[in-house]
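Enquirer: Here's a structure for you.
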Amino acid sequence: MPVSSIVKLEKLVGKRLRRREDPRLITGTATYVEDVKLPNLHHAVIVRSPHGAANIRSIDISKAQALPGVLAVYIGKDIVGVGTVPCGADLPGLRRPAHHILAQDRVYLVGHPVAVVVATDRYIAADGADLVEVDYDVLQAVTDPEKALAPGAPSVHPEWPDNIAFTFHQNGGDIDAAFAEAEVVVKQRITSQRLVPNAMETRGVVADWKSNDRSLTLHTSTQIPHLARTLLAGMLGIEENRFRLIAPEVGGGFGSKLNVYAEEALMGWISMQLGLPVKWIESRRENFMVTIHGRGHVDYLEIAAKRDGTILGLKLKLIQDLGAYHQLLTPAIPTLSVLMMPGLYNFRNIQAEIIGTFTNCVPTDAYRGAGRPEATHGIERMVDILAAELNMDPAEIRFKNFVRPEQFPFPTATGLNYDSGDYANTFQKALDTIDYQGLRTQQAEARAAGRFMGIGISTYGEICAMGPSVATPAGGWESATVKFEPSGKVTVLTGTSPHGQGQETTFAQLTADELGVPIDDIVVLHGDTSIVQYGIGTFGSRNTAVGGAALFYALQDMKEKVKKFGAAMLKTDEVIFEDGHCLDPKTGASVTVQQIAGAAYRGIVIPKGMDPGLVVTKFWEPPNFTYPFGAHIIVSEVDPETGQIEIKRYVAVDDIGNQLNPLLVDGQLHGGAAQGLGQALWEQGVYDDNGQLVTGEFMDYTMPRARMMPWIESSHTCTPSPVNPLGVKGVGEAGTIGSTPAMVNSVVDALSPLGVRHIDMPMTPEKIWKIVNGSKA
Amino acid sequence: MKIAGTAKLPFTPERAYALMQDPLILAKAIPGCDALDKTGDDEYRLKMKMVLASLSGSFEGKVRLTAPDPPNSFRMLVEGSGKIGFMKGEGLIKITAAPDAGVDITYEGDAQIGGTMAAVGNRMIDMTARMLIKRFFEKLASEPA
Amino acid sequence: MIANSFEYSSPATLAEALGLIADGAKPLSGGMSLIPMMKLRLASPEHLVDLARLPELNYIREEHGELHIGAAATHHDVENAPLTRGKCPLLAETAAHIGDIQVRNRGTIGGSVAHADPAADYPAALQALEAKIVLRSASGERTVSTADFFIDTFTTALEPGEIVVEVIVPVEPGLTGTSYQKCLQPASGFAIVGVAARVRRDGDNFGPVQIGITGLTGTSYRATAVENALTGKPATEETIRAAAAHAADGVDANSDLHASAEYRASLAVSYTARAIRSALSRSA
């Protein structure tokens with residue numbers, strides 16, 4: 001056996017590598033659903049309700065059918081044998097409206113699909129959709145969840161006149177004792193407005209049914225290819241093993257594609273009816289109207305505390321605007337809020353009541369942070385309100401209440417078990433970075449000069465790495481396959497479905513380090529159910545912490561396998577595996593993994609008890625969630641004349657455990673902060689009383705722009721997670737969670753000399769102007 | 001959306017009231033009105049084409065005149081729908097003799113806009129409504145006394 | 001987001017274009033407002049005539065102490081041309097505030113002016129500059145003042161068959177200070193209010209001043225009450241504040257999701273003061 005010279009490869013984990021995905025994304029050469037072209041492809045356009053609530057008197061499709069190029073027009077009663085849109089969440093007594101893929105005799109929201117026109121091209125389909133005449137008997141809609149709960153409100157679903165989908169209680173500890181012991185109680189109503197996720201790529205579906213082998217291929221822009229396949233197979237009544245679902249390049253999701261949508265089943269059904277491939281691409285207008293929204297909370301919060309600032313307990317009444325239907329996880333999202341309501345604080349008593357409320361709006365569901373931003377905003381606002389009530393410094397009150405390092409693992413009042421952390425240390429680093437004491441001095445000077453300067457603190461905790469299967473509706477494990485090809489190149493198949501997170505890069509970094517192969521020899525594949533073993537998908541900041549951990553274990557198994565082949569090839573019992581080589585420590589002889597791969601496939605040397613080939617698949621179940629945390633501080637100044645807010649400084653210290661690629665971590669935190677500031681300052685999904693979405697496109701819905709972003713001074717502390725072997729916690733949502741309350745707290749702090757205790761989001765200049773001028777008057 | 005405002009007409013209250021009850025006059029004054037056909041005691045079928053900047057669309061609907069109190073006040077309802085959306089406005093129109101000459105009109109009511117128009121035209125709706133009302137009264141004012 | 005089908009013509013000459021427009025075709029000049037409306041099917045013209053590609057309309061030149069700007073000049077051209085930057089900086093500064101860079105690369109001054117969006121940026125500057133607008137149809141040409149051109153919400157002096165072919169602005173005297181101050185509607189980039197100011201000094205006093213305001217009401221206007229309260233008065237902060245307080249006098253302010261009438265009117269006062277202050281600081 002030849003002795004090769006061993007070249008040490010540079011370790012890549014922890015390096016700021018640029019994403020390998022980016023060249024194709026920024027040169028327009030990636031393949032999104034819209035780029036999928038098939039022979040004889042037909043196009044569908046959906047006719048949607050312009051009314052928030054109406055009975056359908058009649059639908060006349062004759063003119064549309066007569067249009068040359070139109071192949072078929074379907075309405076609700078044509079759809080036979082297709083299941084309703086599934087909801088994977090369950091709560092006791094949950095009312096589940098039948099969510100048909102096309103409206104039956106009534107529409108429940110603006111955008112409700114009423115008919116679909118299939119034509120030889122998209123232009124003809126759109127013309128055909130214009131020719132469908134629907135006669136509506138318009139009913140009174142209700143779009144505000146509190147109005148929906150008021151006596152005499154219009155009923156979204158006539159069968160449930162009170163508009164209540166569920167009432168759910170989550171209690172821990174002894175809330176009565178906490179409030180009995182309280183020396184001070186503060187109360188506040190806090191809202192978290194509807195947000196439109198606005199992925200850069202709208203949704204889209206291409207369905208291709210082949211009747212000869214009864215197989216369906218569905219290309220769809222989703223975060224959960226395998227789960228979507230299972231659920232859609234059930235809806236369409238076809239076998240999973242004859243159903244290939246492909247998530248091609250997916251241009252962002254933020255939770256909005258963690259779902260199964262009517263259009264996915266509808267296109268599958270149409271293709272099966274016509275025996276032709278059919279494409280539907282969601283327009284931006286449709287994306288605003290019918291892709292899930294996020295948030296939609298009205299929270300009534302009460303905190304009981306002692307005069308020294310010690311928090312004793314928290315009461316919460318949470319009214320969740322569910323919209324007209326349940327999408328995949330709609331009712332579960334507010335329960336996540338309650339879980340995280342204790343934040344980083346050491347109190348054990350909580351009483352929460354969630355009232356899930358139907359409205360004539362598009363369903364809410366998971367949107368970046370999914371429940372945690374609402375919780376963090378609630379608790380971080382309440383802590384500031386308590387500090388104001390007690391005339392305490394908001395930093396001091398937080399130090400007083402943090403869970404202490406020696407308390408981990410820390411069981412919370414809501415039944416979670418926080419894994420690790422040193423909250424005070426991270427917070428102190430943020431305070432030092434921004435020179436908190438110096439800022440307070442500056443603030444006093446500014447106030448003396450009549451200026452409105454604010455310092456806003458948010459210390460957040462979040463729950464990531466969704467999650468143990470017991471706590472995740474469809475399973476919370478993840479899978480990975482590692483394959484050596486005979487040439488020694490490596491293919492990794494991950495059950496996650498990255499769509500902007502960059503795992504094609506980070507998983508290749510990890511694989512390169514573990515197997516000692518050049519990163520360019522590694523390909524990471526995902527998103528195709530016929531190529532990749534079953535997986536759960538991408539959401540809940542789980543890709544690296546669960547999918548990466550599964551890959552890590554697969555790589556360890558692979559190394560063991562490689563060592564056995566290496567030992568057989570070197571005719572020895574024990575080898576050392578290092579830098580892509582198996583080395584016999586006794587002789588100094590070695591073979592490369594590439595040589596081993598070739599041998600394993602040729603079957604020349606098969607170690608005893610082993611099979612040929614070099615493939616490992618690992619399914620890994622996480623023992624717990626992970627709990628990243630951090631501290632964000634924002635300095636702002638309000639112009640009292642115009643109400644405009646200027647962000648002066650933004651310091652973020654995040655503890656997300658270990659980092660595979662700090663460049664991508666920065667990207668996640670920056671993007672998350674942009675979305676969090678978007679909620680605090682600009683974004684709002686506004687329905688009028690008749691059910692019209694009046695912020696229904698980018699002319700009125702204010703997305704954060706690059707020019708609106710402050711410089712983010714980002715740094716980290718690191719307490720590795722004990723939950724997974726990589727020590728990672730997850731970073732996909734942290735920025736969104738930490739930023740929002742820091743921004744609101746900053747502006748409330750700026751205006752506190754006027755007696756302001758709370759401002760609801762978004763803090764538009766006009767709102768601020770009214771507060772300032774109202775208090776003057 | 002609340003709609004309220006005032007206008008001046010160079011008529012006696014009786015003449016102003018009568019003009020606003022006359023379908024032929026209304027048909028001339030309602031911006032873009034193609035036809036106003038009587039369908040009941042106080043109800044007319046309306047066909048109009050709205051052209052405003054680059055936006056254009058045909059609407060069909062109705063006009064109803066109710067709560068007559070000549071020559072002081074009446075209620076007017078206008079509703080229409082078309083491919084680009086739908087609208088519905090309802091309000092009270094009051095006529096009072098002006099101190100100098102003619103009459104002061106005050107109107108107050110609610111308007112609803114729906115469909116594509118509503119979702120994409122938010123910033124234009126208020127000013128457009130006010131301009132259409134202004135045009136309506138300007139046209140009325142050009143009638144002979 | 002798919003338009004109805006339509007015919008598109010890109011004629012080689014203005015005469016040809018005017019002929020098509022006389023026959024009922026709709027002019028397209030950049031399409032930054034029209035195309036989105038067509039994609040939503042809020043507008044369905046049957047025939048578009050592209051003016052933006054006409055070389056005859058694409059120029060910026062100086063003649064007899066005035067700048068002549070062809071209707072097809074893009075906002076980017078107006079923002080960056082040495083002639084506008086050097087000789088009519090107010091117009092160049094205003095152009096720089098329009099939409100975003102993509103809009104500025106495609107949108108044209110003629111298209112914007114003819115569209116008369118009540119929240120467009122140019123009208124404020126054109127009012128302050130007392131610009132002239134040249135209109136032409138198949139049957140002739142006429143020139144109207146800015147004050148006469150903008151009539152109401154999306155309503156101008158243009159007659160059927162007539163298009164804007166040129167905008168004429170003065171070459172700014174060297175001593176004049178100008179400024180455009182805009183409160184941006186952050187979603188659309190349109191002006192909630194935009195104020196253009198031209199200020200001459202007269203010793204320690206304000207000399208002649210022109211103020212144009214856009215966004216506040218259905219159409220742009222000259223804030224003459226503000227101008228009158230400045231001219232001849234000491235060029236002080238006190239004068240500016242007192243004068244700017246008249247910015248919304250007698251104006252029926254717009255109200256929408258982004259700004260109520262009351263707030264808009266207040267912003268008009270603030271931004272008028274800013275524009276005067278800034279223009280004053282740039283005057284000699």
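Chain identifiers are assigned as A, B, and so on, following the order in which chains appear in the structure tokens; residues are numbered from 1 within each chain, and ligands are numbered from 1 in order of appearance.
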DSSP on the backbone, strand (DSSP E or B) only: what residues of chain B does that give? Format it as a VMD selection string.
Expert: chain B and resid 2 to 9 33 to 38 43 to 52 55 to 69 73 to 82 85 to 97 103 to 114
Enquirer: Residues of chain A within 9 Å of chain C, using only C-alpha atoms, as a ChimeraX atom specification?
Expert: /A:122-123,126-127,283-285,641-642,682,694-695,698-705,708,764-766,769-770
Enquirer: Write out, as an mmCIF file, in the first residue's frame, the residues just selected, with C-alpha atoms.
Expert:
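Once everything was written out, this is selection-v8.cif:
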```cif
data_model
loop_
_atom_site.group_PDB
_atom_site.id
_atom_site.type_symbol
_atom_site.label_atom_id
_atom_site.label_comp_id
_atom_site.auth_asym_id
_atom_site.auth_seq_id
_atom_site.Cartn_x
_atom_site.Cartn_y
_atom_site.Cartn_z
ATOM 1 C CA ARG A 122 -51.411 32.706 -18.431
ATOM 2 C CA TYR A 123 -52.742 35.724 -20.308
ATOM 3 C CA ALA A 126 -56.374 35.860 -16.705
ATOM 4 C CA ASP A 127 -58.788 37.060 -19.398
ATOM 5 C CA SER A 283 -49.354 37.338 -7.921
ATOM 6 C CA ARG A 284 -48.093 39.808 -5.344
ATOM 7 C CA ARG A 285 -51.685 40.944 -4.796
ATOM 8 C CA GLU A 641 -42.429 68.603 15.404
ATOM 9 C CA THR A 642 -42.978 65.762 12.911
ATOM 10 C CA TRP A 682 -43.699 50.550 9.682
ATOM 11 C CA VAL A 694 -56.281 48.248 2.595
ATOM 12 C CA THR A 695 -52.540 47.705 2.857
ATOM 13 C CA PHE A 698 -46.222 47.720 -1.560
ATOM 14 C CA MET A 699 -47.583 51.210 -2.220
ATOM 15 C CA ASP A 700 -49.220 51.146 1.200
ATOM 16 C CA TYR A 701 -47.558 48.303 3.096
ATOM 17 C CA THR A 702 -44.224 49.646 4.277
ATOM 18 C CA MET A 703 -41.520 47.037 3.953
ATOM 19 C CA PRO A 704 -38.239 48.011 5.582
ATOM 20 C CA ARG A 705 -35.724 49.183 2.994
ATOM 21 C CA MET A 708 -34.157 52.746 6.552
ATOM 22 C CA THR A 764 -45.848 55.727 12.820
ATOM 23 C CA PRO A 765 -44.732 59.364 12.849
ATOM 24 C CA GLU A 766 -48.353 60.501 12.976
ATOM 25 C CA TRP A 769 -46.901 63.388 16.654
ATOM 26 C CA LYS A 770 -50.350 62.978 18.155
#
```
Enquirer: Using only C-alpha atoms, which protein or nucleic acid residues come within 8 Å of range 147-164 of chain C? Drop anything in the same chain fewer than 5 positions from it, and give the result as a PyMOL selection string.
Expert: (chain B and resi 52-53+127-128+131) or (chain C and resi 18+21-24+27+71+110-111+113-118+127+130+133-138+218-222)
Enquirer: Just list as number ranges by chain whatever in range 180-257 of chain A DSSP marks as alpha helix (DSSP H).
Expert: A: 180-181, 225-236
Enquirer: Write the selection just made, keeping N, CA, C and O atoms, as a compact mmCIF listing (two decimals), in the first residue's frame?
Expert:
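Okay, result_21.txt is ready:
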```txt
# COMPACT_ATOMS: atom_id res chain seq x y z
N ALA A 180 -51.61 37.86 45.59
CA ALA A 180 -51.90 38.20 46.99
C ALA A 180 -50.67 38.80 47.66
O ALA A 180 -50.76 39.73 48.47
N GLU A 181 -49.52 38.29 47.26
CA GLU A 181 -48.27 38.74 47.86
C GLU A 181 -47.79 40.07 47.26
O GLU A 181 -46.93 40.75 47.82
N PRO A 225 -41.12 20.09 2.22
CA PRO A 225 -41.51 19.22 1.11
C PRO A 225 -42.10 17.87 1.53
O PRO A 225 -43.11 17.46 0.97
N HIS A 226 -41.49 17.21 2.50
CA HIS A 226 -42.01 15.88 2.85
C HIS A 226 -43.35 15.96 3.55
O HIS A 226 -44.27 15.20 3.25
N LEU A 227 -43.47 16.86 4.51
CA LEU A 227 -44.75 16.99 5.21
C LEU A 227 -45.84 17.40 4.23
O LEU A 227 -46.96 16.89 4.28
N ALA A 228 -45.51 18.31 3.33
CA ALA A 228 -46.51 18.75 2.35
C ALA A 228 -46.93 17.58 1.48
O ALA A 228 -48.11 17.42 1.17
N ARG A 229 -45.97 16.75 1.11
CA ARG A 229 -46.33 15.59 0.28
C ARG A 229 -47.28 14.66 1.03
O ARG A 229 -48.30 14.23 0.50
N THR A 230 -46.95 14.36 2.29
CA THR A 230 -47.82 13.47 3.07
C THR A 230 -49.24 14.03 3.15
O THR A 230 -50.22 13.32 2.93
N LEU A 231 -49.32 15.32 3.46
CA LEU A 231 -50.64 15.93 3.66
C LEU A 231 -51.40 16.07 2.34
O LEU A 231 -52.61 15.82 2.27
N LEU A 232 -50.69 16.45 1.28
CA LEU A 232 -51.36 16.61 -0.02
C LEU A 232 -51.76 15.25 -0.59
O LEU A 232 -52.81 15.12 -1.24
N ALA A 233 -50.94 14.24 -0.36
CA ALA A 233 -51.30 12.89 -0.81
C ALA A 233 -52.62 12.48 -0.16
O ALA A 233 -53.51 11.92 -0.81
N GLY A 234 -52.76 12.81 1.13
CA GLY A 234 -54.01 12.51 1.83
C GLY A 234 -55.18 13.28 1.24
O GLY A 234 -56.26 12.72 1.01
N MET A 235 -54.96 14.56 0.95
CA MET A 235 -56.06 15.37 0.38
C MET A 235 -56.48 14.85 -0.99
O MET A 235 -57.66 14.83 -1.32
N LEU A 236 -55.49 14.45 -1.80
CA LEU A 236 -55.78 14.07 -3.18
C LEU A 236 -56.09 12.58 -3.32
O LEU A 236 -56.47 12.12 -4.40
```
Enquirer: To one decimal place, how far is CA of Met289 in chain A from CA of Gly371 in chain A in Å?
Expert: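 These atoms are spaced 21.3 Å apart.
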Enquirer: Pick the closest to chain B from A:His51, A:Lys571, A:Lys559, A:Arg16: which is it, counting only C-alpha atoms?
Expert: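 Answer, going by the shortest atom-to-atom distance: A:His51.
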Enquirer: Should the cut-off be 7 Å, what would the residue list for chain A against chain B look like, counting only C-alpha atoms, as a list in words?
Expert: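 Close enough to count are Pro50, Gln692, Leu693, Val694, Thr695, Gly696 and Glu697 of chain A.
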Enquirer: Take the residues that were just selected and, keeping N, CA and C atoms, output them as a short mmCIF file (atom, residue, chain, number, x, y, z; two decimals), in the first residue's frame.
Expert:
```cif
data_model
loop_
_atom_site.label_atom_id
_atom_site.label_comp_id
_atom_site.auth_asym_id
_atom_site.auth_seq_id
_atom_site.Cartn_x
_atom_site.Cartn_y
_atom_site.Cartn_z
N PRO A 50 -64.10 39.47 -3.97
CA PRO A 50 -63.75 40.84 -3.58
C PRO A 50 -64.39 41.23 -2.25
N GLN A 692 -61.95 44.62 3.57
CA GLN A 692 -60.97 44.94 2.54
C GLN A 692 -59.59 45.09 3.19
N LEU A 693 -58.60 44.44 2.58
CA LEU A 693 -57.22 44.61 3.04
C LEU A 693 -56.69 45.89 2.40
N VAL A 694 -56.61 46.95 3.19
CA VAL A 694 -56.28 48.25 2.59
C VAL A 694 -54.78 48.49 2.48
N THR A 695 -53.98 47.66 3.13
CA THR A 695 -52.54 47.70 2.86
C THR A 695 -52.23 46.47 2.03
N GLY A 696 -52.78 46.43 0.83
CA GLY A 696 -52.74 45.22 0.02
C GLY A 696 -51.67 45.20 -1.03
N GLU A 697 -50.74 46.10 -0.99
CA GLU A 697 -49.59 46.04 -1.89
C GLU A 697 -48.51 46.98 -1.39
#
```
Enquirer: Counting only C-alpha atoms, which of B:Met76, B:Leu9, B:Ala18, B:Leu132 gets nearest to Ala101 in chain B?
Expert: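 Using only C-alpha atoms, the shortest distance to Ala101 in chain B belongs to B:Leu9.
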Enquirer: Which residue, A:Gly456, A:Gly774, A:Gly461, A:Pro725, has the smallest gap to Phe629 in chain A when you use only C-alpha atoms?
Expert: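 Selected residue with least distance to Phe629 in chain A: A:Gly461.
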Enquirer: Compare C:Leu20, C:Val78, C:Ala196, C:Met32 by their minimum atom-to-atom distance to chain B, counting only C-alpha atoms, and give me the closest one.
Expert: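 Closest residue, counting only C-alpha atoms: C:Met32.
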Enquirer: Using Å and a single decimal, report how far CA of Phe59 in chain B sits from CA of Gly32 in chain B.
Expert: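 The value is 9.7 Å.
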Enquirer: What's around range 655-662 of chain A at 8 Å? Count only C-alpha atoms, leave out sequence neighbours fewer than 2 positions away in its own chain, and write the answer as a PyMOL selection string.
Expert: chain A and resi 13-17+426+506+509-510+628-630+653+664-666+716-721+726-731
Enquirer: Those residues you just picked out, can you put them in a file as a tab-separated table (two decimals), in the first residue's frame with C-alpha atoms?
Expert:
```
chain	number	residue	atom	x	y	z
A	13	VAL	CA	-16.35	25.51	10.65
A	14	GLY	CA	-16.38	28.94	12.23
A	15	LYS	CA	-15.07	30.64	9.07
A	16	ARG	CA	-16.86	33.53	7.39
A	17	LEU	CA	-17.32	31.69	4.10
A	426	THR	CA	-24.67	38.92	27.99
A	506	THR	CA	-22.62	25.52	6.28
A	509	GLN	CA	-18.25	23.27	5.85
A	510	LEU	CA	-19.17	20.77	8.54
A	628	PRO	CA	-30.85	31.28	22.56
A	629	PHE	CA	-30.97	34.65	24.24
A	630	GLY	CA	-29.54	38.08	23.97
A	653	VAL	CA	-25.33	40.98	21.83
A	664	LEU	CA	-24.34	33.85	7.77
A	665	VAL	CA	-25.13	34.51	11.42
A	666	ASP	CA	-24.71	38.23	10.73
A	716	HIS	CA	-21.87	37.69	20.80
A	717	THR	CA	-21.42	35.72	23.93
A	718	CYS	CA	-21.29	31.96	23.67
A	719	THR	CA	-22.76	29.40	25.97
A	720	PRO	CA	-22.78	26.25	23.84
A	721	SER	CA	-26.03	24.33	23.91
A	726	LEU	CA	-22.57	21.08	17.67
A	727	GLY	CA	-23.45	23.27	20.65
A	728	VAL	CA	-25.54	25.45	18.35
A	729	LYS	CA	-28.83	27.03	19.32
A	730	GLY	CA	-30.33	28.60	16.20
A	731	VAL	CA	-30.32	32.14	14.88
```
